[in-house]
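File shown: coords_5.cif (mmCIF, C-alpha atoms and all ligand atoms).
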data_protein
#
loop_
_atom_site.group_PDB
_atom_site.id
_atom_site.type_symbol
_atom_site.label_atom_id
_atom_site.label_comp_id
_atom_site.auth_asym_id
_atom_site.auth_seq_id
_atom_site.Cartn_x
_atom_site.Cartn_y
_atom_site.Cartn_z
ATOM 1 C CA MET A 1 7.211 22.915 13.479
ATOM 2 C CA LYS A 2 6.956 19.776 11.390
ATOM 3 C CA VAL A 3 3.829 18.663 9.576
ATOM 4 C CA ARG A 4 3.495 15.028 10.624
ATOM 5 C CA LYS A 5 -0.155 14.293 9.908
ATOM 6 C CA ALA A 6 -2.434 14.491 6.878
ATOM 7 C CA VAL A 7 -6.222 14.453 7.020
ATOM 8 C CA ILE A 8 -7.918 12.903 3.982
ATOM 9 C CA PRO A 9 -11.693 13.463 4.090
ATOM 10 C CA VAL A 10 -13.594 10.765 2.205
ATOM 11 C CA ALA A 11 -16.984 11.045 3.899
ATOM 12 C CA GLY A 12 -18.831 12.917 1.132
ATOM 13 C CA LEU A 13 -21.775 11.356 -0.685
ATOM 14 C CA GLY A 14 -20.329 11.703 -4.183
ATOM 15 C CA THR A 15 -23.665 12.744 -5.700
ATOM 16 C CA ARG A 16 -22.003 14.207 -8.817
ATOM 17 C CA PHE A 17 -20.864 10.724 -9.759
ATOM 18 C CA LEU A 18 -24.113 8.789 -9.288
ATOM 19 C CA PRO A 19 -25.030 6.084 -10.142
ATOM 20 C CA ALA A 20 -21.380 4.860 -10.072
ATOM 21 C CA THR A 21 -21.067 5.925 -6.434
ATOM 22 C CA LYS A 22 -24.291 4.359 -5.171
ATOM 23 C CA ALA A 23 -22.437 1.382 -3.657
ATOM 24 C CA ILE A 24 -18.768 2.198 -4.382
ATOM 25 C CA PRO A 25 -16.949 5.163 -2.828
ATOM 26 C CA LYS A 26 -15.823 7.597 -5.531
ATOM 27 C CA GLU A 27 -12.335 7.442 -4.007
ATOM 28 C CA MET A 28 -12.220 3.731 -4.952
ATOM 29 C CA LEU A 29 -12.947 4.266 -8.650
ATOM 30 C CA THR A 30 -9.967 3.175 -10.709
ATOM 31 C CA ILE A 31 -7.566 5.476 -12.512
ATOM 32 C CA VAL A 32 -5.721 3.059 -14.863
ATOM 33 C CA ASP A 33 -4.607 0.401 -12.356
ATOM 34 C CA ARG A 34 -5.262 1.696 -8.860
ATOM 35 C CA PRO A 35 -8.000 3.567 -7.020
ATOM 36 C CA THR A 36 -7.902 7.365 -6.892
ATOM 37 C CA ILE A 37 -7.266 7.316 -3.148
ATOM 38 C CA GLN A 38 -4.060 5.296 -3.575
ATOM 39 C CA TYR A 39 -2.470 8.047 -5.690
ATOM 40 C CA ILE A 40 -3.288 10.539 -2.947
ATOM 41 C CA VAL A 41 -1.927 8.340 -0.167
ATOM 42 C CA GLU A 42 1.243 7.740 -2.216
ATOM 43 C CA GLU A 43 1.642 11.506 -2.731
ATOM 44 C CA VAL A 44 1.373 12.094 1.013
ATOM 45 C CA VAL A 45 3.772 9.249 1.847
ATOM 46 C CA SER A 46 6.393 10.404 -0.665
ATOM 47 C CA SER A 47 6.203 13.910 0.814
ATOM 48 C CA GLY A 48 7.352 12.671 4.222
ATOM 49 C CA VAL A 49 4.121 12.799 6.252
ATOM 50 C CA GLU A 50 4.016 10.144 9.010
ATOM 51 C CA GLN A 51 0.338 9.512 9.652
ATOM 52 C CA ILE A 52 -2.896 9.692 7.656
ATOM 53 C CA ILE A 53 -6.300 10.327 9.192
ATOM 54 C CA PHE A 54 -9.184 9.253 6.966
ATOM 55 C CA ILE A 55 -12.487 10.979 7.709
ATOM 56 C CA THR A 56 -14.950 8.284 6.720
ATOM 57 C CA SER A 57 -18.671 7.583 6.769
ATOM 58 C CA GLU A 58 -21.033 4.680 6.299
ATOM 59 C CA GLY A 59 -20.296 2.731 3.119
ATOM 60 C CA LYS A 60 -16.649 3.767 2.876
ATOM 61 C CA SER A 61 -15.075 0.700 4.495
ATOM 62 C CA ALA A 62 -13.650 -0.397 1.117
ATOM 63 C CA ILE A 63 -11.151 2.465 1.485
ATOM 64 C CA GLU A 64 -9.912 1.242 4.866
ATOM 65 C CA ASN A 65 -9.826 -2.359 3.579
ATOM 66 C CA HIS A 66 -7.754 -1.332 0.574
ATOM 67 C CA PHE A 67 -4.913 -0.205 2.850
ATOM 68 C CA ASP A 68 -5.283 -3.117 5.261
ATOM 69 C CA TYR A 69 -3.599 -6.536 5.194
ATOM 70 C CA ASN A 70 -5.808 -9.187 3.569
ATOM 71 C CA PHE A 71 -4.807 -12.539 5.082
ATOM 72 C CA HIS A 72 -7.020 -14.650 2.822
ATOM 73 C CA LEU A 73 -5.868 -13.001 -0.412
ATOM 74 C CA ASP A 74 -2.254 -13.189 0.716
ATOM 75 C CA SER A 75 -2.538 -16.970 1.371
ATOM 76 C CA VAL A 76 -4.214 -17.615 -1.988
ATOM 77 C CA LEU A 77 -1.558 -15.618 -3.882
ATOM 78 C CA LYS A 78 1.204 -17.557 -2.078
ATOM 79 C CA GLU A 79 -0.472 -20.892 -2.922
ATOM 80 C CA LYS A 80 -0.628 -19.862 -6.567
ATOM 81 C CA ASN A 81 2.994 -18.647 -6.530
ATOM 82 C CA LYS A 82 1.918 -15.111 -7.468
ATOM 83 C CA THR A 83 4.621 -13.597 -5.305
ATOM 84 C CA ALA A 84 5.097 -10.301 -7.183
ATOM 85 C CA LEU A 85 1.409 -9.507 -6.842
ATOM 86 C CA GLY A 86 1.460 -10.533 -3.163
ATOM 87 C CA LYS A 87 4.417 -8.224 -2.581
ATOM 88 C CA GLU A 88 2.638 -5.308 -4.258
ATOM 89 C CA LEU A 89 -0.411 -5.778 -2.043
ATOM 90 C CA ASP A 90 1.822 -6.058 0.998
ATOM 91 C CA GLU A 91 3.471 -2.754 0.104
ATOM 92 C CA ILE A 92 0.078 -1.031 -0.088
ATOM 93 C CA SER A 93 -0.851 -2.205 3.407
ATOM 94 C CA ASN A 94 2.536 -1.071 4.771
ATOM 95 C CA LEU A 95 2.568 2.368 3.149
ATOM 96 C CA ILE A 96 1.875 4.435 6.262
ATOM 97 C CA ASP A 97 0.189 4.486 9.675
ATOM 98 C CA ILE A 98 -3.541 5.107 9.036
ATOM 99 C CA VAL A 99 -6.223 6.117 11.530
ATOM 100 C CA SER A 100 -9.929 6.477 10.710
ATOM 101 C CA VAL A 101 -12.415 8.877 12.262
ATOM 102 C CA ARG A 102 -16.136 8.803 11.476
ATOM 103 C CA GLN A 103 -18.019 11.873 10.332
ATOM 104 C CA LYS A 104 -21.476 10.842 11.441
ATOM 105 C CA LYS A 105 -23.376 13.219 9.145
ATOM 106 C CA PRO A 106 -22.192 14.773 5.851
ATOM 107 C CA LEU A 107 -22.388 18.334 7.175
ATOM 108 C CA GLY A 108 -19.697 19.671 4.877
ATOM 109 C CA LEU A 109 -15.935 19.686 4.369
ATOM 110 C CA GLY A 110 -15.372 22.095 7.279
ATOM 111 C CA HIS A 111 -17.213 19.740 9.608
ATOM 112 C CA ALA A 112 -15.272 16.748 8.233
ATOM 113 C CA ILE A 113 -11.955 18.432 9.094
ATOM 114 C CA TRP A 114 -13.246 19.392 12.552
ATOM 115 C CA THR A 115 -13.889 15.724 13.391
ATOM 116 C CA ALA A 116 -10.107 15.136 13.238
ATOM 117 C CA ARG A 117 -9.364 17.638 16.051
ATOM 118 C CA HIS A 118 -8.585 15.090 18.787
ATOM 119 C CA VAL A 119 -6.268 13.066 16.568
ATOM 120 C CA ILE A 120 -4.402 16.139 15.313
ATOM 121 C CA GLY A 121 -4.021 17.980 18.628
ATOM 122 C CA ASN A 122 -2.077 21.220 18.701
ATOM 123 C CA GLU A 123 0.120 21.009 15.625
ATOM 124 C CA PRO A 124 -0.005 22.107 11.970
ATOM 125 C CA PHE A 125 -1.391 19.477 9.616
ATOM 126 C CA MET A 126 -2.046 18.804 5.986
ATOM 127 C CA VAL A 127 -5.413 18.236 4.300
ATOM 128 C CA CYS A 128 -5.673 16.411 0.958
ATOM 129 C CA LEU A 129 -9.120 15.876 -0.516
ATOM 130 C CA GLY A 130 -9.808 12.252 -1.361
ATOM 131 C CA ASP A 131 -10.989 12.963 -4.910
ATOM 132 C CA ASP A 132 -8.462 15.623 -5.941
ATOM 133 C CA LEU A 133 -5.516 14.351 -7.983
ATOM 134 C CA VAL A 134 -2.417 16.376 -8.818
ATOM 135 C CA LEU A 135 -0.094 15.104 -11.515
ATOM 136 C CA SER A 136 3.331 16.694 -11.031
ATOM 137 C CA ASP A 137 7.067 15.943 -11.043
ATOM 138 C CA ILE A 138 7.442 16.993 -7.402
ATOM 139 C CA PRO A 139 4.413 15.813 -5.369
ATOM 140 C CA CYS A 140 2.101 18.759 -4.690
ATOM 141 C CA ALA A 141 2.102 17.943 -0.958
ATOM 142 C CA LYS A 142 5.928 18.106 -0.958
ATOM 143 C CA GLN A 143 5.927 21.482 -2.761
ATOM 144 C CA MET A 144 3.627 22.821 -0.050
ATOM 145 C CA LEU A 145 5.629 21.338 2.810
ATOM 146 C CA ASP A 146 8.763 22.988 1.404
ATOM 147 C CA LEU A 147 6.983 26.365 1.401
ATOM 148 C CA PHE A 148 5.671 25.735 4.921
ATOM 149 C CA HIS A 149 9.242 25.177 6.041
ATOM 150 C CA ASP A 150 9.921 28.813 4.988
ATOM 151 C CA VAL A 151 6.709 30.596 6.021
ATOM 152 C CA GLY A 152 5.469 28.533 9.009
ATOM 153 C CA GLU A 153 1.845 29.589 8.407
ATOM 154 C CA SER A 154 -1.249 28.106 6.744
ATOM 155 C CA ILE A 155 -1.095 27.508 3.000
ATOM 156 C CA VAL A 156 -3.838 26.775 0.476
ATOM 157 C CA ALA A 157 -2.986 25.358 -2.945
ATOM 158 C CA VAL A 158 -4.473 27.351 -5.821
ATOM 159 C CA LYS A 159 -4.700 27.167 -9.579
ATOM 160 C CA ARG A 160 -5.744 29.825 -12.066
ATOM 161 C CA VAL A 161 -9.166 29.327 -13.649
ATOM 162 C CA PRO A 162 -10.992 31.281 -16.385
ATOM 163 C CA GLN A 163 -13.067 34.174 -14.936
ATOM 164 C CA ASP A 164 -16.324 32.579 -16.082
ATOM 165 C CA GLN A 165 -15.579 29.507 -13.948
ATOM 166 C CA THR A 166 -14.704 31.199 -10.650
ATOM 167 C CA TYR A 167 -18.258 30.638 -9.363
ATOM 168 C CA GLN A 168 -17.465 26.901 -9.185
ATOM 169 C CA TYR A 169 -14.590 27.276 -6.702
ATOM 170 C CA GLY A 170 -13.440 28.796 -3.451
ATOM 171 C CA ILE A 171 -11.590 31.915 -4.648
ATOM 172 C CA VAL A 172 -8.620 33.592 -2.951
ATOM 173 C CA GLU A 173 -7.719 37.256 -3.263
ATOM 174 C CA GLY A 174 -4.225 38.304 -2.286
ATOM 175 C CA GLU A 175 -0.954 40.058 -3.111
ATOM 176 C CA ALA A 176 2.150 38.397 -4.561
ATOM 177 C CA ASN A 177 4.578 38.294 -1.658
ATOM 178 C CA GLY A 178 7.961 38.054 -3.401
ATOM 179 C CA ARG A 179 8.300 34.297 -3.127
ATOM 180 C CA GLU A 180 7.778 32.419 -6.355
ATOM 181 C CA ARG A 181 4.133 31.439 -7.031
ATOM 182 C CA THR A 182 3.095 32.617 -3.550
ATOM 183 C CA PHE A 183 0.414 35.132 -2.493
ATOM 184 C CA LYS A 184 -0.478 36.564 0.896
ATOM 185 C CA VAL A 185 -4.213 35.969 1.343
ATOM 186 C CA SER A 186 -6.424 39.003 1.970
ATOM 187 C CA ARG A 187 -9.895 37.582 1.239
ATOM 188 C CA MET A 188 -11.583 34.318 0.353
ATOM 189 C CA VAL A 189 -15.030 33.512 -0.877
ATOM 190 C CA GLU A 190 -16.743 30.192 -1.578
ATOM 191 C CA LYS A 191 -18.284 30.017 -5.052
ATOM 192 C CA PRO A 192 -18.532 33.788 -5.663
ATOM 193 C CA ALA A 193 -21.421 35.097 -7.761
ATOM 194 C CA PRO A 194 -20.200 36.258 -11.218
ATOM 195 C CA GLY A 195 -18.659 39.733 -11.122
ATOM 196 C CA THR A 196 -18.018 39.782 -7.366
ATOM 197 C CA THR A 197 -14.265 39.078 -7.537
ATOM 198 C CA ASP A 198 -11.411 39.969 -9.914
ATOM 199 C CA SER A 199 -9.269 37.090 -8.723
ATOM 200 C CA ASP A 200 -8.798 33.917 -10.747
ATOM 201 C CA LEU A 201 -6.990 31.974 -7.991
ATOM 202 C CA ALA A 202 -9.125 28.913 -7.216
ATOM 203 C CA ILE A 203 -8.554 26.754 -4.159
ATOM 204 C CA ILE A 204 -7.934 23.069 -4.882
ATOM 205 C CA GLY A 205 -7.846 20.147 -2.481
ATOM 206 C CA ARG A 206 -4.483 20.598 -0.741
ATOM 207 C CA TYR A 207 -4.002 22.657 2.436
ATOM 208 C CA ILE A 208 -1.592 23.042 5.325
ATOM 209 C CA LEU A 209 -3.474 24.391 8.327
ATOM 210 C CA MET A 210 -2.576 25.723 11.745
ATOM 211 C CA PRO A 211 -4.487 23.993 14.586
ATOM 212 C CA GLU A 212 -6.402 27.232 15.423
ATOM 213 C CA ILE A 213 -8.692 26.201 12.558
ATOM 214 C CA PHE A 214 -10.456 23.760 14.920
ATOM 215 C CA ASP A 215 -11.672 26.477 17.309
ATOM 216 C CA ILE A 216 -12.854 28.496 14.332
ATOM 217 C CA LEU A 217 -14.649 25.489 12.806
ATOM 218 C CA SER A 218 -16.445 24.778 16.082
ATOM 219 C CA THR A 219 -18.308 28.091 15.705
ATOM 220 C CA THR A 220 -18.583 28.220 11.899
ATOM 221 C CA THR A 221 -22.215 28.217 10.845
ATOM 222 C CA PRO A 222 -23.483 26.517 7.678
ATOM 223 C CA GLY A 223 -22.692 28.561 4.571
ATOM 224 C CA HIS A 224 -22.972 27.890 0.837
ATOM 225 C CA GLY A 225 -25.251 24.869 0.174
ATOM 226 C CA GLY A 226 -26.194 24.633 3.855
ATOM 227 C CA GLU A 227 -22.816 22.961 4.606
ATOM 228 C CA ILE A 228 -20.117 23.945 7.099
ATOM 229 C CA GLN A 229 -17.629 25.313 4.594
ATOM 230 C CA LEU A 230 -13.896 25.050 5.121
ATOM 231 C CA THR A 231 -13.466 28.225 3.051
ATOM 232 C CA ASP A 232 -15.510 30.260 5.588
ATOM 233 C CA ALA A 233 -13.274 29.028 8.427
ATOM 234 C CA LEU A 234 -10.155 29.701 6.330
ATOM 235 C CA LEU A 235 -11.246 33.301 5.842
ATOM 236 C CA ALA A 236 -11.517 33.720 9.619
ATOM 237 C CA LEU A 237 -8.131 32.038 10.111
ATOM 238 C CA SER A 238 -6.543 34.328 7.515
ATOM 239 C CA LYS A 239 -7.720 37.331 9.584
ATOM 240 C CA ALA A 240 -6.268 35.928 12.798
ATOM 241 C CA ARG A 241 -2.899 34.849 11.330
ATOM 242 C CA GLU A 242 -1.018 35.132 8.074
ATOM 243 C CA MET A 243 -2.099 32.753 5.328
ATOM 244 C CA TYR A 244 -0.552 32.025 1.960
ATOM 245 C CA ALA A 245 -1.907 30.819 -1.367
ATOM 246 C CA TYR A 246 0.506 28.727 -3.401
ATOM 247 C CA GLU A 247 0.170 28.234 -7.152
ATOM 248 C CA PHE A 248 1.466 24.660 -7.261
ATOM 249 C CA ARG A 249 3.348 23.175 -10.218
ATOM 250 C CA GLY A 250 1.351 20.393 -11.851
ATOM 251 C CA ILE A 251 -2.067 19.597 -13.246
ATOM 252 C CA ARG A 252 -5.043 19.024 -10.984
ATOM 253 C CA TYR A 253 -7.879 16.651 -11.796
ATOM 254 C CA ASP A 254 -11.204 16.607 -9.970
ATOM 255 C CA ALA A 255 -11.728 12.841 -9.985
ATOM 256 C CA GLY A 256 -15.060 13.284 -8.171
ATOM 257 C CA ASP A 257 -16.496 14.833 -11.328
ATOM 258 C CA LYS A 258 -17.326 12.667 -14.366
ATOM 259 C CA PHE A 259 -15.365 14.728 -16.900
ATOM 260 C CA GLY A 260 -12.454 15.330 -14.496
ATOM 261 C CA TYR A 261 -12.295 11.585 -13.937
ATOM 262 C CA LEU A 262 -12.111 10.856 -17.683
ATOM 263 C CA GLN A 263 -9.364 13.468 -18.098
ATOM 264 C CA ALA A 264 -7.419 11.886 -15.227
ATOM 265 C CA ILE A 265 -7.638 8.405 -16.748
ATOM 266 C CA LEU A 266 -6.188 9.726 -20.020
ATOM 267 C CA ALA A 267 -3.459 11.781 -18.330
ATOM 268 C CA TYR A 268 -2.313 8.961 -16.046
ATOM 269 C CA GLY A 269 -2.830 6.332 -18.766
ATOM 270 C CA ILE A 270 -0.563 7.994 -21.330
ATOM 271 C CA ARG A 271 2.177 8.259 -18.690
ATOM 272 C CA HIS A 272 1.855 4.629 -17.621
ATOM 273 C CA PRO A 273 5.126 2.742 -18.309
ATOM 274 C CA GLU A 274 3.439 -0.385 -19.722
ATOM 275 C CA LEU A 275 0.193 0.957 -21.181
ATOM 276 C CA GLY A 276 1.101 4.513 -22.246
ATOM 277 C CA GLU A 277 2.384 3.828 -25.768
ATOM 278 C CA ASP A 278 -0.572 1.645 -26.748
ATOM 279 C CA LEU A 279 -3.038 4.114 -25.261
ATOM 280 C CA ILE A 280 -1.547 7.022 -27.221
ATOM 281 C CA ALA A 281 -1.753 4.963 -30.437
ATOM 282 C CA HIS A 282 -5.373 4.118 -29.654
ATOM 283 C CA ILE A 283 -6.283 7.748 -28.941
ATOM 284 C CA GLN A 284 -4.751 8.758 -32.290
ATOM 285 C CA GLU A 285 -6.719 6.015 -34.033
ATOM 286 C CA ILE A 286 -9.998 7.148 -32.474
ATOM 287 C CA ALA A 287 -9.234 10.828 -33.118
ATOM 288 C CA GLU A 288 -8.944 10.112 -36.857
ATOM 289 C CA THR A 289 -12.493 8.774 -36.909
ATOM 290 C CA LEU A 290 -14.003 11.868 -35.243
HETATM 291 P P1 LIG B 1 -17.093 17.246 -2.472
HETATM 292 O O1 LIG B 1 -18.148 18.267 -2.501
HETATM 293 O O2 LIG B 1 -16.243 17.050 -3.665
HETATM 294 O O3 LIG B 1 -17.644 15.819 -2.102
HETATM 295 O O4 LIG B 1 -16.231 17.447 -1.172
HETATM 296 P P2 LIG B 1 -19.016 15.150 -2.080
HETATM 297 O O5 LIG B 1 -19.965 15.865 -1.203
HETATM 298 O O6 LIG B 1 -18.709 13.729 -1.790
HETATM 299 O O7 LIG B 1 -19.396 15.198 -3.613
HETATM 300 P P3 LIG B 1 -20.665 15.624 -4.425
HETATM 301 O O8 LIG B 1 -20.534 17.118 -4.563
HETATM 302 O O9 LIG B 1 -21.887 15.152 -3.674
HETATM 303 O O10 LIG B 1 -20.488 14.893 -5.718
HETATM 304 C C1 LIG B 1 -14.804 17.498 -1.179
HETATM 305 C C2 LIG B 1 -14.204 16.477 -0.231
HETATM 306 O O11 LIG B 1 -14.738 16.592 1.065
HETATM 307 C C3 LIG B 1 -15.250 15.369 1.535
HETATM 308 C C4 LIG B 1 -15.527 14.552 0.264
HETATM 309 O O12 LIG B 1 -15.441 13.166 0.554
HETATM 310 C C5 LIG B 1 -14.437 15.041 -0.671
HETATM 311 O O13 LIG B 1 -13.216 14.356 -0.451
HETATM 312 N N1 LIG B 1 -16.438 15.633 2.339
HETATM 313 C C6 LIG B 1 -17.396 16.476 1.877
HETATM 314 C C7 LIG B 1 -16.549 15.029 3.574
HETATM 315 O O14 LIG B 1 -15.654 14.253 3.988
HETATM 316 N N2 LIG B 1 -17.648 15.294 4.322
HETATM 317 C C8 LIG B 1 -18.634 16.129 3.905
HETATM 318 O O15 LIG B 1 -19.608 16.333 4.655
HETATM 319 C C9 LIG B 1 -18.500 16.732 2.654
#

Translate this structure into structure tokens?
Amino acid sequence: MKVRKAVIPVAGLGTRFLPATKAIPKEMLTIVDRPTIQYIVEEVVSSGVEQIIFITSEGKSAIENHFDYNFHLDSVLKEKNKTALGKELDEISNLIDIVSVRQKKPLGLGHAIWTARHVIGNEPFMVCLGDDLVLSDIPCAKQMLDLFHDVGESIVAVKRVPQDQTYQYGIVEGEANGRERTFKVSRMVEKPAPGTTDSDLAIIGRYILMPEIFDILSTTTPGHGGEIQLTDALLALSKAREMYAYEFRGIRYDAGDKFGYLQAILAYGIRHPELGEDLIAHIQEIAETL
């Protein structure tokens, strides 16, 4: 069973990042020199996935345009002899086969995934959230696909968080299963009230799911925040089949959150081949004045 398709939901309203996201999708906000969504698409492409399905909504067409061919821009760049730039833009539009599906109402992440059911069909697939960045040597998606090759069952990526922050995440409980950084899932809960779980394994925005999730999602009722929660459907899936939690190698940034976004800009900026050195010097300069 090969994972050929990745769903990237980008239909959320981005209310945590208002007013920046009033007219611009949060996925199009820039991290150093490219929009957040481009890092995620590049991660998926470099992991060997063949097709991306964007789950979009009104006002998100900039995302589709970013990965499309722009005839006018291409002609102008050619006229001005800016061939390197033209080539870079061309590469972006040729990265991968992309399909878009509309989520007509923002009913929650679970509902967003469910809208991809006809395009996915009966095969395992990957989900990467459009505002979740993972900085790592081996792309996070690739780490998960390698594990999937061994276990052949659903996998959720997790990271450890301090106990007093577990209420902000979907939390997984499970037993280490002998494989490195891997746990067999026994329970999951979306944003648990303080003191209701001992686990510190928080779900982040990377999943590999078996197609049975679609039947489960079709009967999942609204949960936390009145939204159809993917975590609720995952819990049901983990009861029907085995499911694994994988503590990925790398650092995750929630680029849909103002502070997470700032952290991501610094982390990606200091690693940038042309800008990194100057940025580090500037950070040191500012730090001395604090
Ligand atoms: P978030 O909760 O981070 O996204 O959902 P949001 O709703 O856009 O953000 P806030 O909380 O209002 O600031 C995680 C992912 O799920 C997508 C979002 O686009 C994001 O990639 N999502 C969420 C949908 O596609 N549809 C939804 O109905 C909800």

Quick one: which residues end up in the PyMOL selection byres (((not hetatm)) within 10 of (chain B and resi 1)) for this structure, as an MDAnalysis selection string? chainID A and resid 7:18 21 25:27 37 54:57 60 102:113 115 127:132 204:205 227:230 254:258

Given only C-alpha atoms as the counted atoms, nearest of A:Ala287, A:Ala84, A:Val49, A:Leu135 to Tyr253 in chain A: A:Leu135

Quick check, in Å to one decimal: how far apart do CA of Val45 in chain A and CA of Phe67 in chain A lie? 12.9 Å

Neighbours of Asp164 in chain A within 10 Å (only C-alpha atoms; same-chain residues fewer than 5 positions away dropped), as a PyMOL selection string? chain A and resi 194-195+200

Can you write just those residues out, C-alpha atoms, as a compact mmCIF listing (two decimals), keeping the file's coordinate frame?
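Written output follows (result32.txt):
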# COMPACT_ATOMS: atom_id res chain seq x y z
CA PRO A 194 -20.20 36.26 -11.22
CA GLY A 195 -18.66 39.73 -11.12
CA ASP A 200 -8.80 33.92 -10.75

Find the spatial neighbours of range 206-211 of chain A, counting all atoms listed in the file, within a cut-off of 7 Å - ignore same-chain residues fewer than 6 positions away - and output them as an NGL selection string. :A and (122-129 or 153-157)

What does the structure give for the distance between CA of Tyr246 in chain A and CA of Met1 in chain A, in Å to one decimal?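 A separation of 19.1 Å between them.
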
Residues matched by the PyMOL selection byres (((chain A and resi 237-239) around 8) and not hetatm), written as a list in words: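 That expression, the PyMOL selection byres (((chain A and resi 237-239) around 8) and not hetatm), corresponds here to Val185, Ser186, Arg187, Glu212, Ile213, Ile216, Ala233, Leu234, Leu235, Ala236, Ala240, Arg241, Glu242 and Met243 of chain A.
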
Taking only C-alpha atoms into account, name the residue in A:Thr289, A:Thr197, A:Thr182, A:Gln284 that is nearest to Arg249 in chain A. A:Thr182

Return as lines of an AutoDock Vina configuration file the box centre and box size in Å, one decimal, for an axis-aligned box around all listed atoms of range 120-138 of chain A padded by 3 Å per side.
center_x = -1.8
center_y = 17.2
center_z = 3.6
size_x = 24.4
size_y = 15.9
size_z = 36.2

Name every residue that the PyMOL selection byres (((chain A and resi 176) around 12) and not hetatm) selects in this structure, writing the answer as an MDAnalysis selection string with chains first and numbers rising. chainID A and resid 172:175 177:186 201 244:247

Please produce a file of those selected residues containing C-alpha atoms, as a short mmCIF file (atom, residue, chain, number, x, y, z; two decimals), in the frame of the given file.
data_model
loop_
_atom_site.label_atom_id
_atom_site.label_comp_id
_atom_site.auth_asym_id
_atom_site.auth_seq_id
_atom_site.Cartn_x
_atom_site.Cartn_y
_atom_site.Cartn_z
CA VAL A 172 -8.62 33.59 -2.95
CA GLU A 173 -7.72 37.26 -3.26
CA GLY A 174 -4.22 38.30 -2.29
CA GLU A 175 -0.95 40.06 -3.11
CA ASN A 177 4.58 38.29 -1.66
CA GLY A 178 7.96 38.05 -3.40
CA ARG A 179 8.30 34.30 -3.13
CA GLU A 180 7.78 32.42 -6.36
CA ARG A 181 4.13 31.44 -7.03
CA THR A 182 3.10 32.62 -3.55
CA PHE A 183 0.41 35.13 -2.49
CA LYS A 184 -0.48 36.56 0.90
CA VAL A 185 -4.21 35.97 1.34
CA SER A 186 -6.42 39.00 1.97
CA LEU A 201 -6.99 31.97 -7.99
CA TYR A 244 -0.55 32.02 1.96
CA ALA A 245 -1.91 30.82 -1.37
CA TYR A 246 0.51 28.73 -3.40
CA GLU A 247 0.17 28.23 -7.15
#

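Nearest residue to Gln38 in chain A among A:Asn81, A:Gln165, A:Ser93, A:Thr220 is A:Ser93, counting all atoms listed in the file.
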
Pick out the closest residue to Val101 in chain A from this set: A:Leu73, A:Leu279, A:Leu89, A:Ile53. Count only C-alpha atoms.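 Among A:Leu73, A:Leu279, A:Leu89, A:Ile53, it is A:Ile53 that comes nearest to Val101 in chain A.
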
Would you mind reading off the distance between CA of His66 in chain A and CA of Lys5 in chain A, one decimal, in Å?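 Answer for the CA of His66 in chain A to CA of Lys5 in chain A separation: 19.7 Å.
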
Selected residue of minimal separation from Leu217 in chain A among A:Met188, A:Ala267, A:Leu133, A:Ala116, counting all atoms listed in the file: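 Going through A:Met188, A:Ala267, A:Leu133, A:Ala116 one by one, the smallest distance to Leu217 in chain A is for A:Ala116.
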
Leaving out Tyr69 in chain A and any residue of its chain fewer than 5 positions from it, which residues lie within 12 Å of it when counting all atoms listed in the file, given as a list in words?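 Neighbouring residues, sequence-local ones excluded: Glu64, Asp74, Ser75, Gly86, Lys87, Glu88, Leu89, Asp90, Glu91, Ile92, Ser93, Asn94 and Leu95 of chain A.
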
Residues within 8 Å of Ala141 in chain A, all atoms listed in the file, excluding chain neighbours under 4 positions, as a list in words: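 Listing them by chain and then by number gives Glu43, Val44, Ser47, Leu145 and Arg206 of chain A.
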
Identify which of the residues A:Gly276, A:Pro162, A:Pro19, A:Gly48 lies closest to Pro139 in chain A, counting only C-alpha atoms when measuring atom-to-atom distances. A:Gly48
